[in-house]
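Undergrad: Got my_file14.tsv for you, TSV, C-alpha atoms:
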```
chain	number	residue	atom	x	y	z
A	1	MET	CA	0.00	0.00	0.00
A	2	LYS	CA	2.87	2.32	0.83
A	3	SER	CA	4.39	1.80	-2.65
A	4	LYS	CA	1.05	2.66	-4.31
A	5	LYS	CA	0.91	5.93	-2.33
A	6	LEU	CA	4.51	6.68	-3.32
A	7	ILE	CA	3.76	6.04	-7.01
A	8	LEU	CA	0.58	8.16	-6.81
A	9	ALA	CA	2.43	11.02	-5.11
A	10	SER	CA	5.20	10.83	-7.73
A	11	LEU	CA	2.66	10.96	-10.58
A	12	ILE	CA	0.93	13.95	-9.00
A	13	LEU	CA	4.27	15.71	-8.55
A	14	VAL	CA	5.30	15.05	-12.18
A	15	SER	CA	1.89	16.25	-13.43
A	16	LEU	CA	2.10	19.46	-11.41
A	17	THR	CA	5.65	20.08	-12.70
A	18	ALA	CA	4.48	19.59	-16.29
A	19	LEU	CA	1.59	22.01	-15.74
A	20	LEU	CA	3.95	24.52	-14.22
A	21	PHE	CA	6.28	24.45	-17.24
A	22	THR	CA	3.47	24.70	-19.78
A	23	GLY	CA	1.96	27.61	-17.88
A	24	CYS	CA	5.24	29.55	-18.01
A	25	THR	CA	5.81	29.30	-21.73
A	26	PRO	CA	4.23	31.95	-23.97
A	27	ALA	CA	1.28	30.88	-26.03
A	28	ALA	CA	1.94	30.41	-29.70
A	29	GLU	CA	1.39	33.67	-31.52
A	30	LYS	CA	-1.80	33.66	-33.42
A	31	LYS	CA	-1.44	34.92	-36.97
A	32	ASP	CA	-3.81	37.78	-37.70
A	33	ASP	CA	-4.77	37.44	-41.34
A	34	SER	CA	-6.74	40.69	-41.23
A	35	LYS	CA	-3.50	42.70	-41.29
A	36	THR	CA	-1.18	42.72	-44.24
A	37	GLU	CA	2.30	44.14	-44.23
A	38	ILE	CA	3.84	45.78	-47.24
A	39	PRO	CA	7.47	44.77	-47.64
A	40	ASN	CA	9.96	47.63	-47.37
A	41	PRO	CA	10.98	48.47	-50.95
A	42	MET	CA	14.25	50.08	-49.77
A	43	VAL	CA	17.35	47.90	-49.95
A	44	GLU	CA	20.63	49.23	-48.56
A	45	TYR	CA	23.88	48.74	-50.50
A	46	ALA	CA	27.52	49.30	-49.64
A	47	SER	CA	28.34	51.51	-52.63
A	48	SER	CA	27.11	53.20	-55.75
A	49	GLU	CA	28.76	50.43	-57.77
A	50	ALA	CA	26.74	47.81	-55.88
A	51	ILE	CA	23.55	49.69	-56.80
A	52	LYS	CA	24.59	49.63	-60.45
A	53	ASP	CA	25.12	45.88	-60.26
A	54	ALA	CA	21.68	45.46	-58.68
A	55	ILE	CA	19.48	47.71	-60.86
A	56	GLY	CA	21.61	48.58	-63.89
A	57	PHE	CA	22.28	52.25	-63.10
A	58	SER	CA	23.51	54.43	-60.29
A	59	PHE	CA	25.07	57.81	-59.65
A	60	GLU	CA	27.90	58.75	-61.98
A	61	SER	CA	28.93	61.50	-59.60
A	62	LEU	CA	28.05	62.94	-56.20
A	63	PRO	CA	29.41	66.10	-54.55
A	64	ALA	CA	32.97	66.07	-53.21
A	65	GLY	CA	33.41	66.15	-49.44
A	66	ILE	CA	30.23	64.29	-48.50
A	67	THR	CA	30.16	62.20	-45.30
A	68	ASP	CA	27.92	59.60	-43.69
A	69	VAL	CA	26.91	58.24	-47.09
A	70	LYS	CA	24.28	55.50	-47.28
A	71	TYR	CA	23.13	53.98	-50.56
A	72	PHE	CA	19.72	52.47	-51.27
A	73	THR	CA	17.53	51.23	-54.08
A	74	ILE	CA	13.78	51.49	-54.09
A	75	ALA	CA	11.70	49.04	-56.10
A	76	ASP	CA	14.54	48.28	-58.54
A	77	ASN	CA	14.00	51.52	-60.49
A	78	LEU	CA	15.37	54.23	-58.18
A	79	ALA	CA	18.82	54.84	-56.67
A	80	GLN	CA	19.14	56.90	-53.49
A	81	ALA	CA	22.11	58.35	-51.63
A	82	ASP	CA	21.73	59.92	-48.19
A	83	PHE	CA	24.68	62.02	-47.03
A	84	ALA	CA	25.82	65.06	-45.08
A	85	LEU	CA	27.70	68.04	-46.47
A	86	GLY	CA	28.69	71.01	-44.37
A	87	GLY	CA	26.62	69.74	-41.46
A	88	VAL	CA	23.43	69.53	-43.55
A	89	SER	CA	21.73	66.24	-44.49
A	90	TYR	CA	20.62	65.58	-48.06
A	91	THR	CA	18.80	62.84	-49.96
A	92	VAL	CA	19.65	62.50	-53.64
A	93	ARG	CA	17.63	60.28	-55.98
A	94	LYS	CA	18.07	59.11	-59.55
A	95	ALA	CA	15.17	57.25	-61.16
A	96	ASP	CA	13.93	55.69	-64.36
A	97	PRO	CA	11.92	58.23	-66.41
A	98	GLU	CA	8.69	56.26	-65.80
A	99	VAL	CA	8.82	56.76	-62.02
A	100	GLU	CA	6.27	59.30	-60.77
A	101	ASN	CA	7.20	61.62	-57.88
A	102	TRP	CA	10.70	60.24	-57.75
A	103	SER	CA	11.64	62.73	-55.03
A	104	GLY	CA	9.41	61.07	-52.45
A	105	VAL	CA	8.61	64.49	-50.99
A	106	TYR	CA	4.91	65.00	-50.41
A	107	ARG	CA	4.63	68.58	-49.24
A	108	ALA	CA	3.98	71.97	-50.74
A	109	PHE	CA	6.63	74.68	-50.64
A	110	ASP	CA	6.00	78.41	-50.45
A	111	ASN	CA	8.71	79.47	-52.90
A	112	GLY	CA	9.94	78.16	-56.20
A	113	GLN	CA	12.10	79.08	-59.14
A	114	THR	CA	13.57	77.36	-62.16
A	115	LYS	CA	17.26	77.62	-62.99
A	116	THR	CA	19.50	75.91	-65.51
A	117	ASN	CA	22.21	73.65	-64.07
A	118	LEU	CA	25.73	73.22	-65.48
A	119	SER	CA	24.65	70.37	-67.75
A	120	GLY	CA	21.87	72.51	-69.29
A	121	ALA	CA	18.86	70.90	-67.57
A	122	GLU	CA	16.03	73.04	-66.20
A	123	VAL	CA	15.92	72.52	-62.42
A	124	LEU	CA	12.91	73.42	-60.29
A	125	PHE	CA	14.00	74.64	-56.86
A	126	GLN	CA	11.23	74.69	-54.24
A	127	TYR	CA	11.87	75.86	-50.69
A	128	ASP	CA	10.65	77.41	-47.44
A	129	ASP	CA	11.45	77.47	-43.72
A	130	GLY	CA	14.85	75.81	-44.08
A	131	ALA	CA	13.69	72.93	-46.30
A	132	GLY	CA	14.29	72.62	-50.01
A	133	LEU	CA	13.76	70.34	-52.99
A	134	ALA	CA	15.35	70.40	-56.43
A	135	THR	CA	13.96	68.26	-59.26
A	136	TRP	CA	15.07	67.87	-62.87
A	137	SER	CA	15.05	65.42	-65.73
A	138	THR	CA	17.46	64.40	-68.44
A	139	GLU	CA	16.80	62.27	-71.48
A	140	ASN	CA	17.39	59.04	-69.53
A	141	TYR	CA	16.78	59.79	-65.84
A	142	ASN	CA	14.89	61.89	-63.30
A	143	PHE	CA	16.81	63.44	-60.39
A	144	SER	CA	16.00	65.06	-57.06
A	145	VAL	CA	17.87	66.56	-54.13
A	146	TYR	CA	16.00	67.07	-50.85
A	147	CYS	CA	17.11	68.89	-47.71
A	148	ALA	CA	14.74	68.78	-44.71
A	149	GLU	CA	16.66	71.34	-42.62
A	150	GLY	CA	19.38	73.88	-43.29
A	151	PHE	CA	18.44	74.63	-46.90
A	152	ASP	CA	20.57	77.19	-48.71
A	153	LEU	CA	19.80	77.90	-52.38
A	154	ALA	CA	23.43	78.41	-53.41
A	155	GLY	CA	24.46	75.24	-51.59
A	156	MET	CA	21.65	73.27	-53.21
A	157	GLU	CA	22.64	74.56	-56.66
A	158	ALA	CA	26.20	73.35	-56.08
A	159	ILE	CA	24.92	69.89	-55.12
A	160	VAL	CA	22.63	69.75	-58.15
A	161	ASP	CA	25.57	70.64	-60.40
A	162	ALA	CA	27.64	67.82	-58.87
A	163	VAL	CA	25.00	65.07	-59.22
A	164	SER	CA	24.72	62.91	-62.30
```
Using the file provided, produce a representation of the structure as C-alpha coordinates.

TA:
Amino acid sequence: MKSKKLILASLILVSLTALLFTGCTPAAEKKDDSKTEIPNPMVEYASSEAIKDAIGFSFESLPAGITDVKYFTIADNLAQADFALGGVSYTVRKADPEVENWSGVYRAFDNGQTKTNLSGAEVLFQYDDGAGLATWSTENYNFSVYCAEGFDLAGMEAIVDAVS
(Lines of atoms letter the chains of each structure in order from A and count residues from 1; the text may use other names and numbers.)
(Lines give C-alpha, C1' and ligand atoms only; values in the text may rest on other atoms or scores of the structure.)
Protein backbone atom coordinates (compact mmCIF):
# COMPACT_ATOMS: atom_id res chain seq x y z
CA MET A 1 0.00 0.00 0.00
CA LYS A 2 2.87 2.32 0.83
CA SER A 3 4.39 1.80 -2.65
CA LYS A 4 1.05 2.66 -4.31
CA LYS A 5 0.91 5.93 -2.33
CA LEU A 6 4.51 6.68 -3.32
CA ILE A 7 3.76 6.04 -7.01
CA LEU A 8 0.58 8.16 -6.81
CA ALA A 9 2.43 11.02 -5.11
CA SER A 10 5.20 10.83 -7.73
CA LEU A 11 2.66 10.96 -10.58
CA ILE A 12 0.93 13.95 -9.00
CA LEU A 13 4.27 15.71 -8.55
CA VAL A 14 5.30 15.05 -12.18
CA SER A 15 1.89 16.25 -13.43
CA LEU A 16 2.10 19.46 -11.41
CA THR A 17 5.65 20.08 -12.70
CA ALA A 18 4.48 19.59 -16.29
CA LEU A 19 1.59 22.01 -15.74
CA LEU A 20 3.95 24.52 -14.22
CA PHE A 21 6.28 24.45 -17.24
CA THR A 22 3.47 24.70 -19.78
CA GLY A 23 1.96 27.61 -17.88
CA CYS A 24 5.24 29.55 -18.01
CA THR A 25 5.81 29.30 -21.73
CA PRO A 26 4.23 31.95 -23.97
CA ALA A 27 1.28 30.88 -26.03
CA ALA A 28 1.94 30.41 -29.70
CA GLU A 29 1.39 33.67 -31.52
CA LYS A 30 -1.80 33.66 -33.42
CA LYS A 31 -1.44 34.92 -36.97
CA ASP A 32 -3.81 37.78 -37.70
CA ASP A 33 -4.77 37.44 -41.34
CA SER A 34 -6.74 40.69 -41.23
CA LYS A 35 -3.50 42.70 -41.29
CA THR A 36 -1.18 42.72 -44.24
CA GLU A 37 2.30 44.14 -44.23
CA ILE A 38 3.84 45.78 -47.24
CA PRO A 39 7.47 44.77 -47.64
CA ASN A 40 9.96 47.63 -47.37
CA PRO A 41 10.98 48.47 -50.95
CA MET A 42 14.25 50.08 -49.77
CA VAL A 43 17.35 47.90 -49.95
CA GLU A 44 20.63 49.23 -48.56
CA TYR A 45 23.88 48.74 -50.50
CA ALA A 46 27.52 49.30 -49.64
CA SER A 47 28.34 51.51 -52.63
CA SER A 48 27.11 53.20 -55.75
CA GLU A 49 28.76 50.43 -57.77
CA ALA A 50 26.74 47.81 -55.88
CA ILE A 51 23.55 49.69 -56.80
CA LYS A 52 24.59 49.63 -60.45
CA ASP A 53 25.12 45.88 -60.26
CA ALA A 54 21.68 45.46 -58.68
CA ILE A 55 19.48 47.71 -60.86
CA GLY A 56 21.61 48.58 -63.89
CA PHE A 57 22.28 52.25 -63.10
CA SER A 58 23.51 54.43 -60.29
CA PHE A 59 25.07 57.81 -59.65
CA GLU A 60 27.90 58.75 -61.98
CA SER A 61 28.93 61.50 -59.60
CA LEU A 62 28.05 62.94 -56.20
CA PRO A 63 29.41 66.10 -54.55
CA ALA A 64 32.97 66.07 -53.21
CA GLY A 65 33.41 66.15 -49.44
CA ILE A 66 30.23 64.29 -48.50
CA THR A 67 30.16 62.20 -45.30
CA ASP A 68 27.92 59.60 -43.69
CA VAL A 69 26.91 58.24 -47.09
CA LYS A 70 24.28 55.50 -47.28
CA TYR A 71 23.13 53.98 -50.56
CA PHE A 72 19.72 52.47 -51.27
CA THR A 73 17.53 51.23 -54.08
CA ILE A 74 13.78 51.49 -54.09
CA ALA A 75 11.70 49.04 -56.10
CA ASP A 76 14.54 48.28 -58.54
CA ASN A 77 14.00 51.52 -60.49
CA LEU A 78 15.37 54.23 -58.18
CA ALA A 79 18.82 54.84 -56.67
CA GLN A 80 19.14 56.90 -53.49
CA ALA A 81 22.11 58.35 -51.63
CA ASP A 82 21.73 59.92 -48.19
CA PHE A 83 24.68 62.02 -47.03
CA ALA A 84 25.82 65.06 -45.08
CA LEU A 85 27.70 68.04 -46.47
CA GLY A 86 28.69 71.01 -44.37
CA GLY A 87 26.62 69.74 -41.46
CA VAL A 88 23.43 69.53 -43.55
CA SER A 89 21.73 66.24 -44.49
CA TYR A 90 20.62 65.58 -48.06
CA THR A 91 18.80 62.84 -49.96
CA VAL A 92 19.65 62.50 -53.64
CA ARG A 93 17.63 60.28 -55.98
CA LYS A 94 18.07 59.11 -59.55
CA ALA A 95 15.17 57.25 -61.16
CA ASP A 96 13.93 55.69 -64.36
CA PRO A 97 11.92 58.23 -66.41
CA GLU A 98 8.69 56.26 -65.80
CA VAL A 99 8.82 56.76 -62.02
CA GLU A 100 6.27 59.30 -60.77
CA ASN A 101 7.20 61.62 -57.88
CA TRP A 102 10.70 60.24 -57.75
CA SER A 103 11.64 62.73 -55.03
CA GLY A 104 9.41 61.07 -52.45
CA VAL A 105 8.61 64.49 -50.99
CA TYR A 106 4.91 65.00 -50.41
CA ARG A 107 4.63 68.58 -49.24
CA ALA A 108 3.98 71.97 -50.74
CA PHE A 109 6.63 74.68 -50.64
CA ASP A 110 6.00 78.41 -50.45
CA ASN A 111 8.71 79.47 -52.90
CA GLY A 112 9.94 78.16 -56.20
CA GLN A 113 12.10 79.08 -59.14
CA THR A 114 13.57 77.36 -62.16
CA LYS A 115 17.26 77.62 -62.99
CA THR A 116 19.50 75.91 -65.51
CA ASN A 117 22.21 73.65 -64.07
CA LEU A 118 25.73 73.22 -65.48
CA SER A 119 24.65 70.37 -67.75
CA GLY A 120 21.87 72.51 -69.29
CA ALA A 121 18.86 70.90 -67.57
CA GLU A 122 16.03 73.04 -66.20
CA VAL A 123 15.92 72.52 -62.42
CA LEU A 124 12.91 73.42 -60.29
CA PHE A 125 14.00 74.64 -56.86
CA GLN A 126 11.23 74.69 -54.24
CA TYR A 127 11.87 75.86 -50.69
CA ASP A 128 10.65 77.41 -47.44
CA ASP A 129 11.45 77.47 -43.72
CA GLY A 130 14.85 75.81 -44.08
CA ALA A 131 13.69 72.93 -46.30
CA GLY A 132 14.29 72.62 -50.01
CA LEU A 133 13.76 70.34 -52.99
CA ALA A 134 15.35 70.40 -56.43
CA THR A 135 13.96 68.26 -59.26
CA TRP A 136 15.07 67.87 -62.87
CA SER A 137 15.05 65.42 -65.73
CA THR A 138 17.46 64.40 -68.44
CA GLU A 139 16.80 62.27 -71.48
CA ASN A 140 17.39 59.04 -69.53
CA TYR A 141 16.78 59.79 -65.84
CA ASN A 142 14.89 61.89 -63.30
CA PHE A 143 16.81 63.44 -60.39
CA SER A 144 16.00 65.06 -57.06
CA VAL A 145 17.87 66.56 -54.13
CA TYR A 146 16.00 67.07 -50.85
CA CYS A 147 17.11 68.89 -47.71
CA ALA A 148 14.74 68.78 -44.71
CA GLU A 149 16.66 71.34 -42.62
CA GLY A 150 19.38 73.88 -43.29
CA PHE A 151 18.44 74.63 -46.90
CA ASP A 152 20.57 77.19 -48.71
CA LEU A 153 19.80 77.90 -52.38
CA ALA A 154 23.43 78.41 -53.41
CA GLY A 155 24.46 75.24 -51.59
CA MET A 156 21.65 73.27 -53.21
CA GLU A 157 22.64 74.56 -56.66
CA ALA A 158 26.20 73.35 -56.08
CA ILE A 159 24.92 69.89 -55.12
CA VAL A 160 22.63 69.75 -58.15
CA ASP A 161 25.57 70.64 -60.40
CA ALA A 162 27.64 67.82 -58.87
CA VAL A 163 25.00 65.07 -59.22
CA SER A 164 24.72 62.91 -62.30

Undergrad: For segment 81-85 of chain A, please output as a ChimeraX atom specification all residues within 6 Å (counting all atoms listed in the file; exclusion window: fewer than 3 positions along the same chain).

TA: /A:66-71,88-92

Undergrad: Counting only C-alpha atoms, which of A:Ala79, A:Ala134, A:Val145, A:Val160 gets nearest to Gly56 of chain A?

TA: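 With only C-alpha atoms as the atom set, the closest residue is A:Ala79.
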
Undergrad: What is the atom CA of Asn142 of chain A to atom CA of Asp96 of chain A distance in Å?

TA: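 It comes out at 6.4 Å.
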
Undergrad: Show me, as a list of chain:residue names, the residues that have an atom within 8 Å of segment 109-126 of chain A when counting only C-alpha atoms, minus same-chain residues fewer than 5 positions from it.

TA: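 In the requested format, the answer is A:Gly132, A:Leu133, A:Ala134, A:Thr135, A:Trp136, A:Ser137, A:Thr138, A:Glu157, A:Val160, A:Asp161.
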
Undergrad: Give the answer as one residue: which of A:Leu62, A:Ala158, A:Ile74, A:Ile38 has the shortest atom-to-atom distance to Gly104 of chain A, using all atoms listed in the file?

TA: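 Ranking A:Leu62, A:Ala158, A:Ile74, A:Ile38 by distance to Gly104 of chain A, first place goes to A:Ile74.
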
Undergrad: Just to confirm, what's the straight-line distance from atom CA of Ala108 of chain A to atom CA of Ser61 of chain A in Å (one decimal)?

TA: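 Here the two named atoms are 28.5 Å from each other.
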